[in-house]
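File shown: my_file_35.txt (compact mmCIF, C-alpha atoms and all ligand atoms).
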```txt
# COMPACT_ATOMS: atom_id res chain seq x y z
CA MET A 242 116.39 80.83 126.98
CA LYS A 243 118.53 81.02 123.87
CA ARG A 244 121.79 82.82 123.42
CA PHE A 245 124.14 83.12 120.49
CA LYS A 246 127.84 83.82 120.24
CA GLY A 247 128.40 87.53 119.58
CA PHE A 248 131.19 89.18 117.60
CA GLY A 249 133.69 89.73 120.40
CA ARG A 250 135.42 87.08 122.52
CA ASN A 251 133.15 85.89 125.35
CA GLU A 252 130.37 88.04 123.96
CA PHE A 253 126.87 86.63 123.74
CA VAL A 254 123.54 87.84 122.40
CA ILE A 255 120.59 86.71 124.50
CA ALA A 256 117.93 86.25 121.83
CA ALA A 257 115.17 84.87 124.06
CA ASP A 258 114.98 85.08 127.83
CA SER A 259 112.44 84.25 130.57
CA ILE A 260 109.65 83.65 128.07
CA ASN A 261 106.57 82.11 129.61
CA LEU A 262 103.86 81.88 126.99
CA THR A 263 100.76 79.69 126.91
CA ILE A 264 98.49 79.80 123.88
CA THR A 265 95.08 78.21 124.27
CA ALA A 266 93.20 76.47 121.45
CA GLY A 267 91.25 78.86 119.28
CA THR A 268 93.35 81.86 120.25
CA ILE A 269 95.30 83.96 117.75
CA VAL A 270 98.33 85.62 119.30
CA ALA A 271 100.13 88.33 117.36
CA LEU A 272 103.86 88.59 118.07
CA VAL A 273 105.40 91.97 117.27
CA GLY A 274 108.68 93.66 118.10
CA SER A 275 111.53 95.58 116.60
CA ASN A 276 114.20 93.98 114.42
CA GLY A 277 116.37 91.60 116.40
CA SER A 278 113.97 91.40 119.36
CA GLY A 279 113.89 87.60 119.25
CA LYS A 280 110.66 86.77 117.40
CA SER A 281 112.27 84.44 114.85
CA THR A 282 114.35 82.74 117.54
CA LEU A 283 111.19 82.02 119.55
CA MET A 284 109.37 80.71 116.45
CA SER A 285 112.35 78.50 115.52
CA MET A 286 112.46 76.96 118.98
CA ILE A 287 108.74 76.19 118.82
CA ALA A 288 109.01 74.84 115.26
CA GLY A 289 112.02 72.71 116.20
CA SER A 290 114.72 74.22 114.00
CA GLN A 291 116.57 75.61 117.05
CA LEU A 292 117.08 74.01 120.44
CA PRO A 293 116.62 76.26 123.47
CA ASP A 294 119.58 76.41 125.88
CA SER A 295 117.08 76.00 128.71
CA GLY A 296 113.32 75.82 129.10
CA ARG A 297 110.70 73.50 127.62
CA ILE A 298 108.33 73.60 124.66
CA ILE A 299 105.05 71.82 125.39
CA VAL A 300 102.50 71.28 122.62
CA ALA A 301 99.09 69.77 123.40
CA GLY A 302 100.48 68.43 126.67
CA GLU A 303 103.51 66.79 125.05
CA ASP A 304 107.07 67.90 125.70
CA VAL A 305 108.49 68.38 122.18
CA THR A 306 111.63 70.29 123.20
CA GLU A 307 114.04 67.61 122.00
CA GLN A 308 112.04 66.61 118.94
CA PRO A 309 113.42 67.67 115.53
CA SER A 310 110.99 69.69 113.39
CA TRP A 311 109.93 66.73 111.23
CA GLN A 312 108.78 64.87 114.34
CA ARG A 313 106.57 67.81 115.27
CA THR A 314 104.69 67.73 111.94
CA GLY A 315 101.05 67.22 112.72
CA LYS A 316 101.39 69.00 116.05
CA VAL A 317 103.08 72.20 114.91
CA ALA A 318 102.60 73.66 111.41
CA LEU A 319 104.62 76.56 110.06
CA VAL A 320 103.92 78.95 107.19
CA ARG A 321 107.00 80.94 106.24
CA GLN A 322 107.29 84.45 104.85
CA ASN A 323 108.65 83.47 101.44
CA PRO A 324 106.00 81.69 99.32
CA GLU A 325 108.78 79.72 97.59
CA HIS A 326 109.81 78.13 100.87
CA ASN A 327 106.36 76.72 101.58
CA VAL A 328 105.50 74.76 98.45
CA PHE A 329 107.46 72.68 95.96
CA SER A 330 107.28 74.51 92.63
CA ALA A 331 107.89 71.40 90.53
CA LEU A 332 104.91 69.59 92.07
CA THR A 333 101.22 70.21 91.49
CA ILE A 334 98.98 71.62 94.21
CA VAL A 335 97.57 68.21 95.07
CA GLU A 336 101.05 66.64 95.04
CA ASN A 337 102.15 69.26 97.57
CA PHE A 338 99.24 68.26 99.79
CA ALA A 339 100.15 64.61 99.26
CA LEU A 340 103.75 65.24 100.23
CA ALA A 341 102.66 66.87 103.48
CA GLU A 342 100.40 63.88 104.11
CA ALA A 343 103.08 61.36 103.18
CA GLY A 344 105.48 63.02 105.59
CA GLN A 345 103.01 62.67 108.41
CA ALA A 346 102.28 59.06 107.61
CA ARG A 347 105.99 58.36 106.97
CA ARG A 348 105.09 57.12 103.51
CA PHE A 349 106.66 58.55 100.42
CA ASN A 350 104.62 57.06 97.59
CA LEU A 351 103.46 60.36 96.15
CA LYS A 352 101.09 58.87 93.54
CA ARG A 353 99.29 56.76 96.09
CA ALA A 354 99.22 59.59 98.62
CA ALA A 355 97.68 61.95 96.02
CA GLY A 356 94.59 59.74 95.83
CA PRO A 357 90.92 60.73 96.14
CA ARG A 358 91.08 61.28 99.91
CA VAL A 359 93.86 63.89 99.61
CA ARG A 360 92.17 65.47 96.58
CA ASP A 361 88.99 65.92 98.61
CA LEU A 362 90.94 67.32 101.55
CA ALA A 363 92.83 69.77 99.29
CA ARG A 364 89.65 70.79 97.45
CA ASP A 365 87.66 71.39 100.64
CA THR A 366 90.38 73.38 102.39
CA LEU A 367 91.25 75.47 99.31
CA ALA A 368 87.59 76.28 98.62
CA GLN A 369 87.58 78.36 101.81
CA PHE A 370 89.96 80.87 100.20
CA SER A 371 87.47 81.63 97.39
CA MET A 372 90.34 82.01 94.90
CA GLY A 373 89.25 79.18 92.60
CA LEU A 374 92.29 77.12 93.63
CA GLU A 375 90.09 74.12 94.44
CA ASP A 376 89.55 73.70 90.67
CA ARG A 377 93.26 73.87 89.87
CA LEU A 378 94.58 70.94 91.89
CA ASP A 379 96.69 69.63 88.99
CA GLN A 380 98.37 72.95 88.27
CA LEU A 381 102.09 73.19 89.04
CA ALA A 382 102.62 75.18 92.24
CA GLY A 383 105.49 77.01 90.52
CA THR A 384 102.99 78.69 88.18
CA LEU A 385 100.95 80.19 91.04
CA SER A 386 101.24 83.80 92.19
CA GLY A 387 102.71 84.59 95.61
CA GLY A 388 99.26 85.10 97.12
CA GLN A 389 97.96 81.85 95.67
CA ARG A 390 101.00 79.98 96.99
CA GLN A 391 100.49 81.40 100.46
CA ALA A 392 96.83 80.39 100.31
CA VAL A 393 97.90 76.85 99.38
CA SER A 394 100.48 76.92 102.20
CA VAL A 395 97.92 77.96 104.82
CA ALA A 396 95.46 75.38 103.49
CA MET A 397 98.15 72.65 103.72
CA ALA A 398 99.23 73.78 107.18
CA THR A 399 95.68 73.76 108.57
CA SER A 400 94.15 70.82 106.69
CA ARG A 401 95.18 68.35 109.40
CA ASN A 402 94.20 70.58 112.34
CA PRO A 403 97.61 71.01 114.03
CA ALA A 404 97.60 71.87 117.73
CA LEU A 405 99.60 74.98 116.95
CA LEU A 406 99.98 77.04 113.78
CA LEU A 407 102.98 79.35 113.39
CA LEU A 408 102.64 82.17 110.87
CA ASP A 409 106.00 83.82 110.25
CA GLU A 410 105.11 87.09 108.47
CA HIS A 411 103.20 84.95 106.00
CA VAL A 412 101.56 87.84 104.11
CA SER A 413 104.41 90.35 104.23
CA ALA A 414 105.73 89.48 100.76
CA LEU A 415 102.31 90.09 99.15
CA ASP A 416 100.82 93.29 97.78
CA PRO A 417 98.38 94.96 100.23
CA THR A 418 95.21 93.64 98.54
CA ARG A 419 96.43 90.05 98.39
CA ALA A 420 97.83 90.34 101.91
CA ARG A 421 94.41 91.41 103.20
CA VAL A 422 92.60 88.55 101.44
CA VAL A 423 95.05 85.86 102.60
CA MET A 424 95.11 87.28 106.14
CA GLU A 425 91.31 87.38 106.38
CA GLN A 426 90.93 83.85 105.06
CA THR A 427 93.69 82.59 107.35
CA GLU A 428 91.87 84.05 110.32
CA ALA A 429 88.55 82.55 109.18
CA ILE A 430 90.10 79.08 108.83
CA VAL A 431 91.94 79.05 112.17
CA ARG A 432 88.85 80.35 113.95
CA GLN A 433 86.63 77.76 112.30
CA ARG A 434 89.06 74.99 113.26
CA SER A 435 89.92 76.45 116.66
CA ILE A 436 93.67 76.19 116.04
CA ALA A 437 96.01 77.92 118.51
CA THR A 438 97.97 80.37 116.36
CA LEU A 439 101.13 82.40 116.88
CA MET A 440 101.58 85.03 114.19
CA VAL A 441 104.69 87.16 113.74
CA THR A 442 104.00 90.37 111.89
CA HIS A 443 105.52 93.79 111.29
CA ASP A 444 102.11 95.10 110.20
CA MET A 445 100.68 96.62 113.38
CA GLY A 446 97.23 96.99 111.79
CA HIS A 447 97.10 93.23 111.13
CA ALA A 448 98.41 92.54 114.62
CA LEU A 449 95.60 94.56 116.21
CA LYS A 450 92.82 93.51 113.87
CA HIS A 451 93.37 89.78 113.50
CA SER A 452 94.50 88.70 116.96
CA ASP A 453 92.89 87.97 120.32
CA ARG A 454 96.06 88.86 122.15
CA LEU A 455 99.09 90.90 121.23
CA ILE A 456 102.58 90.22 122.53
CA LEU A 457 105.39 92.63 122.11
CA MET A 458 108.98 91.41 122.31
CA HIS A 459 111.91 93.60 123.14
CA ARG A 460 115.50 92.47 123.62
CA GLY A 461 114.54 88.82 123.90
CA ARG A 462 111.81 89.33 126.48
CA ILE A 463 108.07 89.81 126.46
CA ALA A 464 107.74 93.52 127.15
CA MET A 465 103.99 93.83 126.75
CA ASP A 466 101.13 91.30 126.69
CA LEU A 467 97.80 92.82 125.70
CA ALA A 468 94.63 90.80 126.15
CA SER A 469 91.66 91.29 123.87
CA LYS A 470 89.96 93.77 126.20
CA GLU A 471 93.08 95.92 126.56
CA LYS A 472 93.72 96.19 122.85
CA ALA A 473 90.06 96.82 121.97
CA GLY A 474 89.73 100.33 120.60
CA MET A 475 93.48 100.69 120.29
CA GLY A 476 94.76 102.07 117.00
CA VAL A 477 98.20 101.65 115.39
CA PRO A 478 99.41 105.08 116.65
CA ASP A 479 98.40 104.10 120.23
CA LEU A 480 100.33 100.84 119.95
CA LEU A 481 103.41 102.55 118.53
CA ALA A 482 103.25 105.21 121.26
CA ARG A 483 102.98 102.57 123.99
CA PHE A 484 105.98 100.75 122.62
CA GLU A 485 108.00 103.95 122.49
CA LYS A 486 107.06 104.86 126.04
CA LEU A 487 107.95 101.41 127.29
CA THR A 488 111.26 100.96 125.50
CA GLY A 489 112.40 104.42 124.45
CA GLU A 490 112.66 103.11 120.89
CA THR A 491 110.41 103.31 117.83
CA LEU A 492 108.64 100.31 116.40
CA PRO A 493 108.60 100.05 112.59
CA ASP A 494 105.21 99.36 111.01
CA SER A 495 105.71 97.63 107.65
CA ALA A 496 102.28 98.81 106.43
CA VAL A 497 103.41 102.42 106.91
CA LEU A 498 106.81 101.71 105.33
CA ALA A 499 105.12 100.07 102.32
CA ARG A 500 103.02 103.19 101.71
CA ALA A 501 105.96 105.59 102.14
N1 LIG B 1 122.25 82.19 114.35
C1 LIG B 1 122.52 83.29 115.03
N2 LIG B 1 123.78 83.61 115.41
C2 LIG B 1 124.06 84.72 116.12
N3 LIG B 1 123.11 85.62 116.51
C3 LIG B 1 121.84 85.36 116.16
C4 LIG B 1 121.47 84.21 115.40
N4 LIG B 1 120.14 84.25 115.20
C5 LIG B 1 119.69 85.35 115.81
N5 LIG B 1 120.71 86.03 116.39
C6 LIG B 1 120.61 87.27 117.15
O1 LIG B 1 119.59 87.10 118.12
C7 LIG B 1 118.81 88.29 118.24
C8 LIG B 1 117.36 87.99 117.94
O2 LIG B 1 117.24 87.72 116.55
P1 LIG B 1 115.88 87.27 115.85
O3 LIG B 1 116.20 86.92 114.44
O4 LIG B 1 115.22 86.25 116.67
O5 LIG B 1 115.04 88.64 115.90
P2 LIG B 1 113.67 89.04 115.18
O6 LIG B 1 112.82 89.68 116.22
O7 LIG B 1 113.09 87.87 114.48
O8 LIG B 1 114.13 90.13 114.14
P3 LIG B 1 113.55 90.53 112.69
O9 LIG B 1 112.23 91.24 112.94
O10 LIG B 1 114.57 91.45 112.16
O11 LIG B 1 113.38 89.28 111.88
C9 LIG B 1 119.44 89.30 117.29
O12 LIG B 1 120.34 90.11 118.03
C10 LIG B 1 120.19 88.44 116.30
O13 LIG B 1 121.30 89.13 115.77
```
Rewrite the structure of this file - the entire thing - as structure tokens.
Amino acid sequence: MKRFKGFGRNEFVIAADSINLTITAGTIVALVGSNGSGKSTLMSMIAGSQLPDSGRIIVAGEDVTEQPSWQRTGKVALVRQNPEHNVFSALTIVENFALAEAGQARRFNLKRAAGPRVRDLARDTLAQFSMGLEDRLDQLAGTLSGGQRQAVSVAMATSRNPALLLLDEHVSALDPTRARVVMEQTEAIVRQRSIATLMVTHDMGHALKHSDRLILMHRGRIAMDLASKEKAGMGVPDLLARFEKLTGETLPDSAVLARA
């Protein structure tokens, strides 16, 4: 559970409540919900940037609830919405990989960390995106497009096979074509590596197409939990209608808003 101080005296907002969620290895769970439903709060508690008021976060059998985010590196990887928040612009692609590696090994000798082993790791992981990034390891990350940066971010986040990958609207800042490519490649990589994945999205089409299970949050709680079988054959209008019936509110679909 997580609550925040509200505007009035003795007023609180319960951002996450009674959430019981287990994600098994190799499963992609889409997390959707209206604005303010608690998705980011849940992601932050799992990533370690917010402490829950009560409850536990267990990753690969280890209780990480009290661990700060840097201690969870290697177990939990996060790709944020804004490409600029995921990579260091002033470093090259391979130096970004090296920095992630150095952080995990608690070493900060960037030159040494960016040696042949990390180059091979970066090249192999980036090759899966088929964007030619594997041949541009020495290019400054700041000169990459948003889509290329997100591809590098997903490659960095998955290269060490974390137990859990958090995708926080990671393609929402990209144009629809780039978003589709990065989303498809992300799915291919996490499936190939069997990484448990929790993906927040406002694009209901992505949520239905690229997940094994779809969770809908409303007012800090899980209002709907659709397994693969239940969501099979379901279209975006069906999902939106189910949400409306359940909550009496409408669910915004960013893909629709982007086309409007
Ligand atoms: N630091 C904070 N202080 C006070 N209230 C907060 C804080 N963070 C979140 N909240 C409140 O908690 C509730 C859940 O917010 P949260 O950001 O988790 O929702 P969300 O589902 O991620 O929304 P969005 O889709 O708009 O990003 C909201 O009512 C929000 O105003």
Practice prompt. Can you pull out every residue within 6 Å of segment 436-440 of chain A, counting all atoms listed in the file, but drop anything in the same chain fewer than 2 positions away, and send it as a list in words?
Written response: Thr265, Ala266, Gly267, Thr268, Ile269, Val270, Ala271, Leu272, Leu405, Leu406, Leu407, Leu408, Val431 and Arg434 of chain A
Discussion item. What residues of the protein or nucleic acid chains come within 6 Å of ligand LIG 1 (chain B) when you use all atoms listed in the file? Reply as a PyMOL selection string.
Written reply: chain A and resi 245-246+254+256+275-282
Discussion item. Distance cut-off 7 Å, centre (117.4, 83.5, 129.3) in file coordinates, counting all atoms listed in the file: which residues qualify? Return them as a ChimeraX atom specification.
Written reply: /A:242-243,255,257-259
Worksheet item: Between A:Asn323, A:Arg364, A:Leu467, A:Pro403, which one has atoms that come closest to Val300 of chain A, using all atoms listed in the file?
Response: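 The closest residue to Val300 of chain A is A:Pro403.
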Worksheet item: What lies within 7 Å of segment 368-382 of chain A using only C-alpha atoms, ignoring chain neighbours under 4 positions off, as a list in words?
Response: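 Contacts, with the query itself left out: Val328, Phe329, Ser330, Ala331, Leu332, Thr333, Ile334, Val335, Arg364, Arg390, Ala392 and Gln426 of chain A.
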Worksheet item: At what distance in Å, to one decimal, does atom CA of Pro324 of chain A lie from atom CA of Thr491 of chain A?
Response: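 Atom-to-atom, atom CA of Thr491 of chain A and atom CA of Pro324 of chain A are spaced 28.8 Å apart.
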Item to complete: Give the answer as one residue: which of A:Arg483, A:Ile264, A:Pro357, A:Glu325 has the shortest atom-to-atom distance to Ala301 of chain A, using all atoms listed in the file?
Response: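 Counting all atoms listed in the file, the residue closest to Ala301 of chain A is A:Ile264.
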Segment 362-424 of chain A near segment 448-454 of chain A within 12 Å: what's each residue's closest atom pair and its distance in Å to one decimal, counting only C-alpha atoms, ordered by chain then ascending residue number, as JSON lines?
```
{"residue": "A:Leu408", "atom": "CA", "partner": "A:Ala448", "partner_atom": "CA", "distance": 11.8}
{"residue": "A:Glu410", "atom": "CA", "partner": "A:Ala448", "partner_atom": "CA", "distance": 10.6}
{"residue": "A:Val412", "atom": "CA", "partner": "A:Ala448", "partner_atom": "CA", "distance": 11.9}
{"residue": "A:Arg421", "atom": "CA", "partner": "A:His451", "partner_atom": "CA", "distance": 10.5}
{"residue": "A:Val423", "atom": "CA", "partner": "A:His451", "partner_atom": "CA", "distance": 11.7}
{"residue": "A:Met424", "atom": "CA", "partner": "A:His451", "partner_atom": "CA", "distance": 8.0}
```
Worksheet item: Which residue out of A:Leu319, A:Leu492, A:Ala482, A:Val477 has the minimum interatomic distance to Ala398 of chain A when all atoms listed in the file are used?
Response: A:Leu319
Discussion item. So the first atom is atom CA of Ala420 of chain A and the second is atom CA of Gln391 of chain A; what is the distance between them in Å, to one decimal place?
Written reply: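 If I compute the distance from atom CA of Ala420 of chain A to atom CA of Gln391 of chain A, I get 9.4 Å.
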Discussion item. At a cut-off of 12 Å, using all atoms listed in the file, what residues contact segment 302-308 of chain A? Leave out same-chain residues fewer than 5 positions from it and give the result as a VMD selection string.
Written reply: chain A and resid 263 to 265 285 to 297 313 to 314 316 to 317 404 to 405
Within 12 Å of segment 457-465 of chain A: each segment 412-444 of chain A residue with its shortest pair, all atoms listed in the file, as a tab-separated table:
```
residue	atom	partner	partner_atom	distance
A:Met440	CA	A:Leu457	CA	11.6
A:Val441	CA	A:Leu457	CA	10.0
A:Thr442	CA	A:Leu457	CA	10.6
A:His443	CA	A:Leu457	CA	10.9
```
Worksheet item: Nearest to Met397 of chain A among A:Gly315, A:Gly249, A:Pro493, A:Gly274, with distances taken over all atoms listed in the file: which residue is it?
Response: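 The shortest atom-to-atom distance to Met397 of chain A comes from A:Gly315.
In this model, the gap between atom CA of Asn337 of chain A and atom CA of Ala355 of chain A comes to 8.7 Å.
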Draw an axis-aligned box over all listed atoms of segment 382-393 of chain A, pad each side with 8 Å, and write its centre and edge lengths in Å, one decimal, as AutoDock Vina command-line options.
```
--center_x 101.2 --center_y 80.1 --center_z 94.3 --size_x 24.7 --size_y 25.9 --size_z 28.3
```
Worksheet item: So, counting only C-alpha atoms, which residue among A:Phe338, A:Phe484, A:Phe248, A:Phe253 is closest to Ser400 of chain A?
Response: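 Of the candidates, the smallest distance to Ser400 of chain A is held by A:Phe338.
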Worksheet item: For Asp416 of chain A, which of A:Trp311, A:Arg432, A:Leu480, A:Ser386 is the closest residue, counting only C-alpha atoms?
Response: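 Selected residue with least distance to Asp416 of chain A: A:Ser386.
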For segment 462-480 of chain A, supply N, CA and C atoms and format the output as a compact mmCIF listing (two decimals), in the frame of the given file.
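See result-v2.txt below for the written result:
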```
# COMPACT_ATOMS: atom_id res chain seq x y z
N ARG A 462 112.81 89.55 125.43
CA ARG A 462 111.81 89.33 126.48
C ARG A 462 110.43 89.79 126.03
N ILE A 463 109.41 89.30 126.72
CA ILE A 463 108.07 89.81 126.46
C ILE A 463 107.92 91.11 127.24
N ALA A 464 107.79 92.21 126.50
CA ALA A 464 107.74 93.52 127.15
C ALA A 464 106.30 93.96 127.39
N MET A 465 105.37 93.42 126.60
CA MET A 465 103.99 93.83 126.75
C MET A 465 103.10 92.68 126.28
N ASP A 466 102.03 92.40 127.02
CA ASP A 466 101.13 91.30 126.69
C ASP A 466 99.71 91.84 126.81
N LEU A 467 99.11 92.18 125.68
CA LEU A 467 97.80 92.82 125.70
C LEU A 467 96.69 91.81 125.42
N ALA A 468 95.78 91.67 126.36
CA ALA A 468 94.63 90.80 126.15
C ALA A 468 93.63 91.53 125.26
N SER A 469 92.67 90.77 124.79
CA SER A 469 91.66 91.29 123.87
C SER A 469 91.03 92.60 124.36
N LYS A 470 90.64 92.60 125.63
CA LYS A 470 89.96 93.77 126.20
C LYS A 470 90.86 95.00 126.16
N GLU A 471 92.15 94.78 126.50
CA GLU A 471 93.08 95.92 126.56
C GLU A 471 93.36 96.51 125.19
N LYS A 472 93.39 95.65 124.17
CA LYS A 472 93.72 96.19 122.85
C LYS A 472 92.48 96.66 122.07
N ALA A 473 91.29 96.37 122.62
CA ALA A 473 90.06 96.82 121.97
C ALA A 473 90.07 98.36 121.90
N GLY A 474 89.79 98.88 120.76
CA GLY A 474 89.73 100.33 120.60
C GLY A 474 91.10 100.97 120.40
N MET A 475 92.13 100.16 120.47
CA MET A 475 93.48 100.69 120.29
C MET A 475 93.79 100.82 118.79
N GLY A 476 94.37 101.91 118.39
CA GLY A 476 94.76 102.07 117.00
C GLY A 476 96.27 101.87 116.86
N VAL A 477 96.76 101.83 115.62
CA VAL A 477 98.20 101.65 115.39
C VAL A 477 99.01 102.75 116.08
N PRO A 478 98.61 104.04 115.98
CA PRO A 478 99.41 105.08 116.65
C PRO A 478 99.50 104.86 118.17
N ASP A 479 98.38 104.37 118.78
CA ASP A 479 98.40 104.10 120.23
C ASP A 479 99.42 103.00 120.55
N LEU A 480 99.41 101.97 119.72
CA LEU A 480 100.33 100.84 119.95
C LEU A 480 101.78 101.29 119.82
```
